[in-house]
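**Student:** This is the content of my_file-v1.cif (mmCIF, C-alpha atoms):
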```
data_model
#
loop_
_atom_site.label_atom_id
_atom_site.label_comp_id
_atom_site.auth_asym_id
_atom_site.auth_seq_id
_atom_site.Cartn_x
_atom_site.Cartn_y
_atom_site.Cartn_z
CA MET A 1 -127.97 42.72 -156.93
CA THR A 2 -126.76 44.69 -153.93
CA VAL A 3 -128.09 41.91 -151.70
CA THR A 4 -125.99 39.40 -153.63
CA PHE A 5 -122.96 41.55 -153.04
CA TYR A 6 -123.62 41.82 -149.33
CA ALA A 7 -124.03 38.04 -149.18
CA LEU A 8 -120.82 37.52 -151.15
CA SER A 9 -118.79 39.89 -149.01
CA MET A 10 -120.16 38.32 -145.79
CA LEU A 11 -119.26 34.86 -147.09
CA GLY A 12 -115.83 36.15 -148.07
CA LEU A 13 -115.30 37.66 -144.63
CA ILE A 14 -116.33 34.47 -142.83
CA VAL A 15 -113.98 32.32 -144.91
CA SER A 16 -111.26 34.91 -144.48
CA VAL A 17 -111.58 35.06 -140.68
CA TRP A 18 -111.58 31.27 -140.55
CA LYS A 19 -108.33 31.16 -142.50
CA SER A 20 -106.54 34.09 -140.91
CA LYS A 21 -107.75 36.80 -138.52
CA GLU A 22 -104.70 38.91 -139.21
CA LYS A 23 -105.16 38.97 -142.98
CA THR A 24 -108.86 39.73 -142.55
CA GLY A 25 -108.01 42.74 -140.42
CA LEU A 26 -105.59 43.89 -143.10
CA ALA A 27 -108.25 43.39 -145.79
CA LEU A 28 -110.77 45.51 -143.86
CA LYS A 29 -108.16 48.18 -143.29
CA LYS A 30 -107.39 48.22 -147.02
CA ALA A 31 -111.11 48.35 -147.80
CA TRP A 32 -111.58 51.41 -145.59
CA LYS A 33 -108.43 53.12 -146.91
CA SER A 34 -109.44 52.72 -150.55
CA PHE A 35 -112.90 54.06 -149.73
CA GLU A 36 -111.57 57.04 -147.79
CA ASN A 37 -109.15 57.68 -150.63
CA ILE A 38 -111.93 58.51 -153.10
CA LEU A 39 -114.35 59.99 -150.54
CA PRO A 40 -113.44 63.70 -151.03
CA GLN A 41 -114.06 63.57 -154.79
CA LEU A 42 -117.09 61.36 -154.33
CA LEU A 43 -118.77 63.80 -151.95
CA ALA A 44 -117.95 66.72 -154.24
CA ILE A 45 -119.45 64.87 -157.23
CA LEU A 46 -122.63 64.12 -155.29
CA VAL A 47 -123.12 67.79 -154.42
CA ILE A 48 -122.50 68.83 -158.06
CA ILE A 49 -125.05 66.27 -159.29
CA GLY A 50 -127.55 67.51 -156.70
CA ILE A 51 -127.18 71.15 -157.74
CA MET A 52 -127.37 70.34 -161.47
CA LEU A 53 -130.43 68.13 -161.19
CA ALA A 54 -132.13 70.77 -159.04
CA ILE A 55 -131.60 73.41 -161.72
CA LEU A 56 -132.34 71.31 -164.81
CA THR A 57 -135.87 69.92 -164.78
CA PRO A 58 -136.91 67.11 -167.15
CA GLY A 59 -139.30 69.59 -168.76
CA GLN A 60 -136.45 71.94 -169.65
CA ILE A 61 -134.32 69.13 -171.05
CA SER A 62 -137.28 67.96 -173.11
CA ALA A 63 -137.83 71.47 -174.46
CA VAL A 64 -134.21 71.74 -175.58
CA LEU A 65 -134.14 68.34 -177.25
CA GLY A 66 -137.42 68.86 -179.12
CA SER A 67 -138.94 66.20 -181.36
CA GLU A 68 -137.44 66.93 -184.78
CA SER A 69 -134.10 68.27 -183.53
CA GLY A 70 -132.05 65.90 -185.71
CA TRP A 71 -128.28 65.85 -185.34
CA ILE A 72 -128.28 69.13 -183.41
CA GLY A 73 -130.55 67.45 -180.88
CA VAL A 74 -128.23 64.44 -180.83
CA LEU A 75 -125.24 66.68 -180.15
CA ILE A 76 -127.08 68.58 -177.41
CA ALA A 77 -128.20 65.29 -175.87
CA ALA A 78 -124.64 63.98 -175.98
CA ALA A 79 -123.34 67.20 -174.42
CA ILE A 80 -125.86 67.09 -171.55
CA GLY A 81 -125.22 63.38 -171.07
CA SER A 82 -121.46 63.88 -170.95
CA ILE A 83 -121.53 66.51 -168.22
CA THR A 84 -124.07 64.99 -165.89
CA LEU A 85 -123.62 61.65 -164.21
CA ILE A 86 -127.08 60.38 -163.53
CA PRO A 87 -127.22 56.78 -162.32
CA GLY A 88 -129.10 54.40 -164.63
CA PHE A 89 -132.12 53.95 -162.39
CA VAL A 90 -132.76 57.70 -162.65
CA ALA A 91 -131.60 58.03 -166.27
CA PHE A 92 -133.96 55.45 -167.80
CA PRO A 93 -137.20 56.83 -166.36
CA LEU A 94 -136.03 60.30 -167.38
CA ALA A 95 -135.21 59.02 -170.88
CA ALA A 96 -138.62 57.31 -171.07
CA ALA A 97 -140.32 60.55 -170.01
CA LEU A 98 -138.41 62.43 -172.71
CA LEU A 99 -139.46 59.85 -175.32
CA HIS A 100 -143.11 60.24 -174.36
CA ASN A 101 -142.72 64.00 -174.62
CA GLY A 102 -141.69 63.66 -178.23
CA ALA A 103 -137.91 63.31 -178.16
CA GLY A 104 -136.49 60.98 -180.81
CA TYR A 105 -134.80 57.62 -180.30
CA MET A 106 -131.57 58.96 -181.75
CA GLN A 107 -131.35 61.77 -179.22
CA ILE A 108 -132.28 59.47 -176.34
CA ALA A 109 -129.70 56.90 -177.41
CA ALA A 110 -126.98 59.57 -177.44
CA PHE A 111 -128.21 60.84 -174.07
CA VAL A 112 -128.35 57.44 -172.33
CA SER A 113 -125.04 56.26 -173.77
CA THR A 114 -123.05 59.37 -172.84
CA LEU A 115 -124.72 59.51 -169.42
CA MET A 116 -123.23 56.17 -168.54
CA MET A 117 -119.91 56.18 -170.39
CA VAL A 118 -118.71 59.77 -170.52
CA GLY A 119 -118.17 61.71 -167.33
CA ILE A 120 -116.61 65.15 -167.43
CA VAL A 121 -117.35 65.65 -163.75
CA THR A 122 -115.48 62.45 -162.83
CA ILE A 123 -112.37 63.28 -164.90
CA PRO A 124 -110.39 64.46 -161.83
CA LEU A 125 -111.12 61.13 -160.13
CA GLU A 126 -110.41 59.03 -163.23
CA LYS A 127 -107.19 60.98 -163.87
CA GLN A 128 -105.82 59.89 -160.49
CA PHE A 129 -105.91 56.28 -161.63
CA PHE A 130 -105.14 56.44 -165.34
CA GLY A 131 -103.33 59.73 -165.97
CA ILE A 132 -104.70 62.51 -168.15
CA LYS A 133 -103.99 61.03 -171.60
CA ALA A 134 -105.73 57.68 -171.06
CA THR A 135 -108.63 59.46 -169.33
CA ILE A 136 -109.23 61.88 -172.20
CA ALA A 137 -108.76 59.10 -174.77
CA ARG A 138 -111.31 56.85 -173.08
CA ASN A 139 -113.90 59.61 -172.67
CA ALA A 140 -113.40 60.89 -176.24
CA ALA A 141 -113.69 57.38 -177.69
CA ALA A 142 -116.82 56.77 -175.60
CA LEU A 143 -118.32 60.02 -176.91
CA VAL A 144 -117.67 59.05 -180.55
CA PHE A 145 -119.07 55.59 -179.83
CA SER A 146 -122.24 57.13 -178.35
CA LEU A 147 -122.78 59.11 -181.54
CA ILE A 148 -122.45 55.87 -183.54
CA VAL A 149 -125.03 54.24 -181.24
CA ALA A 150 -127.34 57.20 -181.92
CA LEU A 151 -126.86 56.78 -185.68
CA VAL A 152 -127.64 53.04 -185.56
CA MET A 153 -130.74 53.68 -183.41
CA GLY A 154 -131.89 56.32 -185.88
CA VAL A 155 -131.66 53.79 -188.70
CA ALA A 156 -132.97 50.76 -186.79
CA LEU A 157 -135.92 52.21 -184.85
CA MET B 158 -107.15 68.62 -139.28
CA ARG B 159 -105.24 70.69 -141.83
CA GLY B 160 -104.86 67.61 -144.00
CA PHE B 161 -108.59 67.02 -143.72
CA LEU B 162 -109.40 70.60 -144.75
CA LYS B 163 -107.02 70.39 -147.68
CA ARG B 164 -108.36 67.08 -148.99
CA TYR B 165 -112.00 68.02 -148.57
CA ARG B 166 -111.73 71.68 -149.61
CA VAL B 167 -113.59 71.26 -152.92
CA PHE B 168 -116.42 69.40 -151.21
CA LEU B 169 -116.63 71.98 -148.38
CA LEU B 170 -116.62 74.81 -150.93
CA LEU B 171 -119.47 73.18 -152.88
CA VAL B 172 -121.48 72.70 -149.68
CA ALA B 173 -120.97 76.40 -148.93
CA VAL B 174 -122.19 77.24 -152.46
CA ASN B 175 -125.23 75.03 -151.97
CA ILE B 176 -126.04 76.68 -148.63
CA ALA B 177 -125.71 80.10 -150.28
CA VAL B 178 -128.16 78.92 -152.97
CA VAL B 179 -130.60 77.90 -150.22
CA PHE B 180 -130.69 81.53 -149.05
CA ILE B 181 -130.91 83.07 -152.54
CA TRP B 182 -133.20 80.56 -154.30
CA PRO B 183 -134.66 78.44 -151.48
CA GLU B 184 -136.55 76.09 -153.79
CA ILE B 185 -133.54 75.07 -155.92
CA GLY B 186 -131.24 74.98 -152.89
CA MET B 187 -133.49 72.71 -150.85
CA LYS B 188 -134.18 70.44 -153.81
CA SER B 189 -130.46 70.09 -154.44
CA LEU B 190 -129.74 69.25 -150.79
CA GLU B 191 -132.49 66.65 -150.86
CA LEU B 192 -131.12 65.11 -154.09
CA THR B 193 -127.63 64.98 -152.61
CA ARG B 194 -128.97 63.36 -149.44
CA VAL B 195 -130.86 60.67 -151.39
CA ASN B 196 -127.88 59.99 -153.68
CA LEU B 197 -125.53 59.79 -150.69
CA ILE B 198 -127.75 57.25 -148.93
CA ASP B 199 -128.04 55.22 -152.15
CA MET B 200 -124.29 55.25 -152.50
CA LEU B 201 -123.60 54.29 -148.91
CA ALA B 202 -126.02 51.38 -149.24
CA VAL B 203 -124.26 50.02 -152.32
CA ILE B 204 -120.60 50.68 -151.59
CA PRO B 205 -119.59 48.68 -148.44
CA PRO B 206 -119.62 45.19 -150.00
CA ILE B 207 -117.67 46.41 -153.05
CA PHE B 208 -114.86 47.70 -150.90
CA ILE B 209 -114.87 44.70 -148.56
CA LEU B 210 -114.55 42.36 -151.56
CA LEU B 211 -111.84 44.65 -152.90
CA GLY B 212 -109.90 44.42 -149.63
CA LEU B 213 -110.24 40.63 -149.55
CA LEU B 214 -109.14 40.40 -153.18
CA ASP B 215 -106.15 42.55 -152.43
CA VAL B 216 -105.06 40.45 -149.46
CA TRP B 217 -105.83 36.93 -150.69
CA VAL B 218 -105.33 36.85 -154.47
CA LYS B 219 -101.71 36.39 -155.37
CA ARG B 220 -100.20 38.54 -158.07
CA GLU B 221 -99.22 35.47 -160.09
CA THR B 222 -102.83 34.26 -160.14
CA MET B 223 -104.11 37.58 -161.43
CA VAL B 224 -101.40 37.76 -164.08
CA ARG B 225 -102.33 34.29 -165.25
CA PHE B 226 -106.04 35.08 -165.60
CA MET B 227 -106.01 38.74 -166.63
CA GLY B 228 -102.42 39.63 -167.52
CA GLN B 229 -100.52 39.66 -170.81
CA GLY B 230 -101.37 36.54 -172.80
CA SER B 231 -104.52 35.80 -170.77
CA GLY B 232 -106.43 36.01 -174.05
CA ILE B 233 -110.18 35.51 -174.24
CA ILE B 234 -110.44 34.35 -170.60
CA GLY B 235 -109.10 37.70 -169.43
CA VAL B 236 -111.54 39.55 -171.68
CA LEU B 237 -114.54 37.49 -170.51
CA LEU B 238 -113.50 37.83 -166.86
CA ALA B 239 -113.21 41.61 -167.30
CA PHE B 240 -116.71 41.75 -168.83
CA PHE B 241 -118.04 39.59 -166.01
CA ILE B 242 -116.52 41.64 -163.16
CA GLY B 243 -117.80 44.88 -164.69
CA SER B 244 -121.30 43.59 -165.48
CA ALA B 245 -121.80 41.92 -162.11
CA ALA B 246 -120.69 44.91 -160.07
CA ALA B 247 -123.14 47.27 -158.42
CA GLY B 248 -122.77 51.00 -158.04
CA PRO B 249 -121.92 53.94 -160.28
CA LEU B 250 -118.87 54.25 -162.53
CA TYR B 251 -116.69 56.02 -159.96
CA GLY B 252 -116.81 52.86 -157.85
CA ALA B 253 -115.00 51.10 -160.69
CA PHE B 254 -111.81 53.17 -160.44
CA PRO B 255 -110.56 51.71 -157.13
CA VAL B 256 -111.30 48.21 -158.49
CA ALA B 257 -109.20 49.13 -161.53
CA GLY B 258 -106.42 50.17 -159.15
CA VAL B 259 -106.32 46.76 -157.46
CA LEU B 260 -106.45 44.87 -160.79
CA LEU B 261 -103.53 46.94 -162.09
CA ARG B 262 -101.51 46.43 -158.94
CA LYS B 263 -101.98 42.70 -159.29
CA GLY B 264 -100.72 42.78 -162.86
CA SER B 265 -103.86 42.72 -164.98
CA LYS B 266 -103.53 43.70 -168.63
CA LEU B 267 -104.42 47.34 -169.28
CA SER B 268 -106.99 46.64 -172.00
CA ASN B 269 -108.76 44.18 -169.68
CA VAL B 270 -108.99 46.89 -167.02
CA PHE B 271 -110.55 49.25 -169.58
CA ILE B 272 -113.02 46.52 -170.60
CA MET B 273 -114.00 46.11 -166.94
CA ILE B 274 -114.59 49.90 -166.71
CA GLY B 275 -116.67 49.87 -169.89
CA ALA B 276 -118.78 46.91 -168.76
CA TRP B 277 -119.23 48.51 -165.35
CA SER B 278 -120.61 51.64 -167.01
CA THR B 279 -123.13 50.07 -169.38
CA THR B 280 -123.81 46.35 -169.41
CA LYS B 281 -125.01 45.76 -165.85
CA VAL B 282 -127.68 43.09 -165.63
CA PRO B 283 -130.20 44.83 -163.32
CA LEU B 284 -129.81 48.04 -165.32
CA LEU B 285 -130.56 46.18 -168.55
CA LEU B 286 -133.83 44.85 -167.13
CA PHE B 287 -134.66 48.37 -166.04
CA GLU B 288 -133.75 49.79 -169.43
CA ALA B 289 -135.92 47.22 -171.23
CA SER B 290 -138.96 48.15 -169.15
CA ALA B 291 -138.40 51.89 -169.62
CA LEU B 292 -137.24 52.11 -173.24
CA GLY B 293 -138.32 48.85 -174.83
CA ILE B 294 -136.69 45.52 -175.50
CA LYS B 295 -135.58 46.36 -179.05
CA PHE B 296 -133.78 49.54 -177.96
CA THR B 297 -132.07 47.63 -175.13
CA VAL B 298 -130.94 44.68 -177.26
CA ILE B 299 -129.52 46.86 -180.03
CA ARG B 300 -127.69 49.00 -177.49
CA LEU B 301 -126.32 45.95 -175.67
CA LEU B 302 -124.94 44.42 -178.87
CA LEU B 303 -123.33 47.72 -179.86
CA ASP B 304 -122.00 48.17 -176.32
CA VAL B 305 -120.13 44.88 -176.28
CA ILE B 306 -118.38 45.80 -179.53
CA GLY B 307 -117.88 49.40 -178.43
CA ILE B 308 -116.44 48.54 -175.01
CA ALA B 309 -113.83 46.23 -176.53
CA GLY B 310 -113.08 48.81 -179.23
CA ILE B 311 -112.66 51.66 -176.74
CA ALA B 312 -110.44 49.49 -174.51
CA TYR B 313 -108.09 48.56 -177.36
CA PHE B 314 -108.06 52.11 -178.72
CA THR B 315 -107.16 53.56 -175.31
CA GLU B 316 -104.41 51.01 -174.76
CA ARG B 317 -103.00 51.42 -178.27
CA ILE B 318 -102.55 55.20 -178.19
CA LEU B 319 -100.54 55.05 -174.96
CA SER B 320 -96.76 54.73 -175.24
CA GLN B 321 -94.86 52.10 -173.27
CA ASP B 322 -93.86 54.75 -170.71
CA GLU B 323 -97.41 55.97 -170.29
CA ARG B 324 -98.65 52.43 -169.72
CA GLN B 325 -95.95 51.89 -167.12
CA ASP B 326 -96.94 55.18 -165.50
CA ILE B 327 -100.50 53.87 -164.97
CA TYR B 328 -99.16 50.79 -163.18
CA ASP B 329 -96.84 52.99 -161.11
CA ARG B 330 -99.76 55.18 -160.09
CA ALA B 331 -101.72 52.16 -158.87
CA ILE B 332 -98.79 51.07 -156.73
CA LYS B 333 -98.10 54.58 -155.46
CA MET B 334 -101.72 55.14 -154.45
CA ASN B 335 -101.56 51.99 -152.38
CA GLU B 336 -98.38 53.11 -150.61
CA MET B 337 -99.69 56.61 -150.02
CA LYS B 338 -102.60 55.17 -148.10
CA LYS B 339 -100.51 53.24 -145.61
#
```
Let me see the file written as structure tokens.

**Tutor:**
Amino acid sequence: MTVTFYALSMLGLIVSVWKSKEKTGLALKKAWKSFENILPQLLAILVIIGIMLAILTPGQISAVLGSESGWIGVLIAAAIGSITLIPGFVAFPLAAALLHNGAGYMQIAAFVSTLMMVGIVTIPLEKQFFGIKATIARNAAALVFSLIVALVMGVAL
Amino acid sequence: MRGFLKRYRVFLLLVAVNIAVVFIWPEIGMKSLELTRVNLIDMLAVIPPIFILLGLLDVWVKRETMVRFMGQGSGIIGVLLAFFIGSAAAGPLYGAFPVAGVLLRKGSKLSNVFIMIGAWSTTKVPLLLFEASALGIKFTVIRLLLDVIGIAGIAYFTERILSQDERQDIYDRAIKMNEMKK
């Protein structure tokens, strides 16, 4: 997927240079500025994720979630998922490991869904773009939605 | 230099904390540094094309075009386009916010921007394949179906609870952030 994006952006750049060198320069300048604009928060988030993942081992998470933890387990899973921002390619193997260690589908569904949709750590960044009300509304709605996903999974699987 | 220190103070503080942890609990501290290093490299590998495409979009796509496809009255096309942009994009959720900024500046409808954010967070194609192999096809399909409904629901909910002024404020922010950077 990343390769596709590199190919696309290269193609875009070539067409852009062919049409106007000036505008291409402006586009690259804008690209760099919008990257540098979020860089301070981005770096801070990366360090926070690093520290959190170093402290919380999968074994500990598994112990907290338990196998028959029911709705309390779902809520704990949602809470952990909401704070941390683990990218999907780390989250799914972790979720699979938790499943094999006896965690339930409901808890894992809540965990995976909140991991990807709810980010307390990214609120300062999100707030910059959408203001505090929209940011809280989106995250709260996503949290409620994740609990619904957990409920459906509990019934369906 | 002072501007740099001010903007990066939280990051620098966290790095200081992490270095302190290295001295107090070497194992956790080193593991955390290593995780940060790996995540940073992953991020730097994924991010350049996103921002280059973003810059090109900003320079070449006219406001009127964006309004036509994703603005008020763009209907189902706007919704589908928002789902497509979000699902096709690579990189973690925080990469979606600058994209949202450009879409807003070009006059995209607010709910479509929220749909793009939602799709970016959960319905990415490579992630779905990964999820299916890790958690099973049934789990993945159920979650995907729910996600599509949920993303649209969350987008409309978020747009609905905002007053006219608050919606305008979000557009103003997008424009202001662009000016600030010049």

**Student:** Write out as an mmCIF file with C-alpha atoms, in the frame of the given file the residues lying within 10 Å of segment 169-183 of chain B, counting all atoms listed in the file and excluding same-chain residues fewer than 3 positions away.

**Tutor:**
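See part-v8.cif below for the written result:
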```
data_model
loop_
_atom_site.group_PDB
_atom_site.id
_atom_site.type_symbol
_atom_site.label_atom_id
_atom_site.label_comp_id
_atom_site.auth_asym_id
_atom_site.auth_seq_id
_atom_site.Cartn_x
_atom_site.Cartn_y
_atom_site.Cartn_z
ATOM 1 C CA PRO A 40 -113.440 63.700 -151.030
ATOM 2 C CA LEU A 43 -118.770 63.800 -151.950
ATOM 3 C CA ALA A 44 -117.950 66.720 -154.240
ATOM 4 C CA ILE A 45 -119.450 64.870 -157.230
ATOM 5 C CA LEU A 46 -122.630 64.120 -155.290
ATOM 6 C CA VAL A 47 -123.120 67.790 -154.420
ATOM 7 C CA ILE A 48 -122.500 68.830 -158.060
ATOM 8 C CA GLY A 50 -127.550 67.510 -156.700
ATOM 9 C CA ILE A 51 -127.180 71.150 -157.740
ATOM 10 C CA LEU B 162 -109.400 70.600 -144.750
ATOM 11 C CA LYS B 163 -107.020 70.390 -147.680
ATOM 12 C CA ARG B 164 -108.360 67.080 -148.990
ATOM 13 C CA TYR B 165 -112.000 68.020 -148.570
ATOM 14 C CA ARG B 166 -111.730 71.680 -149.610
ATOM 15 C CA GLY B 186 -131.240 74.980 -152.890
ATOM 16 C CA MET B 187 -133.490 72.710 -150.850
ATOM 17 C CA LYS B 188 -134.180 70.440 -153.810
ATOM 18 C CA SER B 189 -130.460 70.090 -154.440
ATOM 19 C CA LEU B 190 -129.740 69.250 -150.790
#
```

**Student:** Name every residue that the PyMOL selection byres ((chain B) within 6 of (chain A)) selects in this structure, writing the answer as a PyMOL selection string with chains first and numbers rising.

**Tutor:** chain B and resi 165+168+185+188-189+192-193+206+208-210+212-213+216+278+288+291-292+311+315+327

**Student:** Apply the PyMOL selection byres ((chain B and resi 279) around 9) to the displayed file and report the matching residues as an MDAnalysis selection string.

**Tutor:** (chainID A and resid 88 113 116:117) or (chainID B and resid 243:244 274:278 280:281 284:285 301 304 308)

**Student:** Going by the chain IDs and residue numbers used in this file, which residues fall under the PyMOL selection byres ((chain A and resi 107) around 8)? Write them as a VMD selection string.

**Tutor:** chain A and resid 65 70 to 71 73 to 75 77 to 78 103 to 106 108 to 111 150

**Student:** Calculate how many Å separate atom CA of Leu267 of chain B from atom CA of Glu316 of chain B, rounding to one decimal.

**Tutor:**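 Going from atom CA of Leu267 of chain B over to atom CA of Glu316 of chain B covers 6.6 Å.
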
**Student:** Find the residue from B:Val259, B:Leu250, B:Ile294, B:Leu197 that sits nearest to Lys333 of chain B; use only C-alpha atoms when measuring.

**Tutor:**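 The shortest atom-to-atom distance to Lys333 of chain B comes from B:Val259.
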
**Student:** Work out how far apart atom CA of Ile318 of chain B and atom CA of Ile76 of chain A are and give it in Å to one decimal.

**Tutor:**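 Pair atom CA of Ile318 of chain B / atom CA of Ile76 of chain A returns 28.0 Å.
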
**Student:** Which residue gives the smallest distance to Gly258 of chain B among B:Ala309, B:Ala331, B:Ile272, B:Leu211, with only C-alpha atoms counted?

**Tutor:**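 Result for the nearest residue to Gly258 of chain B: B:Ala331.
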
**Student:** Considering only C-alpha atoms, state which residue in the set B:Ile233, B:Leu261, B:Ala289, B:Ala202 is at the smallest distance from Asp326 of chain B.

**Tutor:**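 Distance minimum relative to Asp326 of chain B lands on B:Leu261.
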
**Student:** So how far away is atom CA of Val270 of chain B from atom CA of Gly228 of chain B, in Å?

**Tutor:**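 Atom CA of Val270 of chain B lies 9.8 Å from atom CA of Gly228 of chain B.
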
**Student:** Find, counting all atoms listed in the file, the residue in B:Ile198, B:Leu260, B:Val236, B:Met334 that gets nearest to Lys219 of chain B.

**Tutor:**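 That would be B:Leu260, the residue with the smallest distance to Lys219 of chain B.
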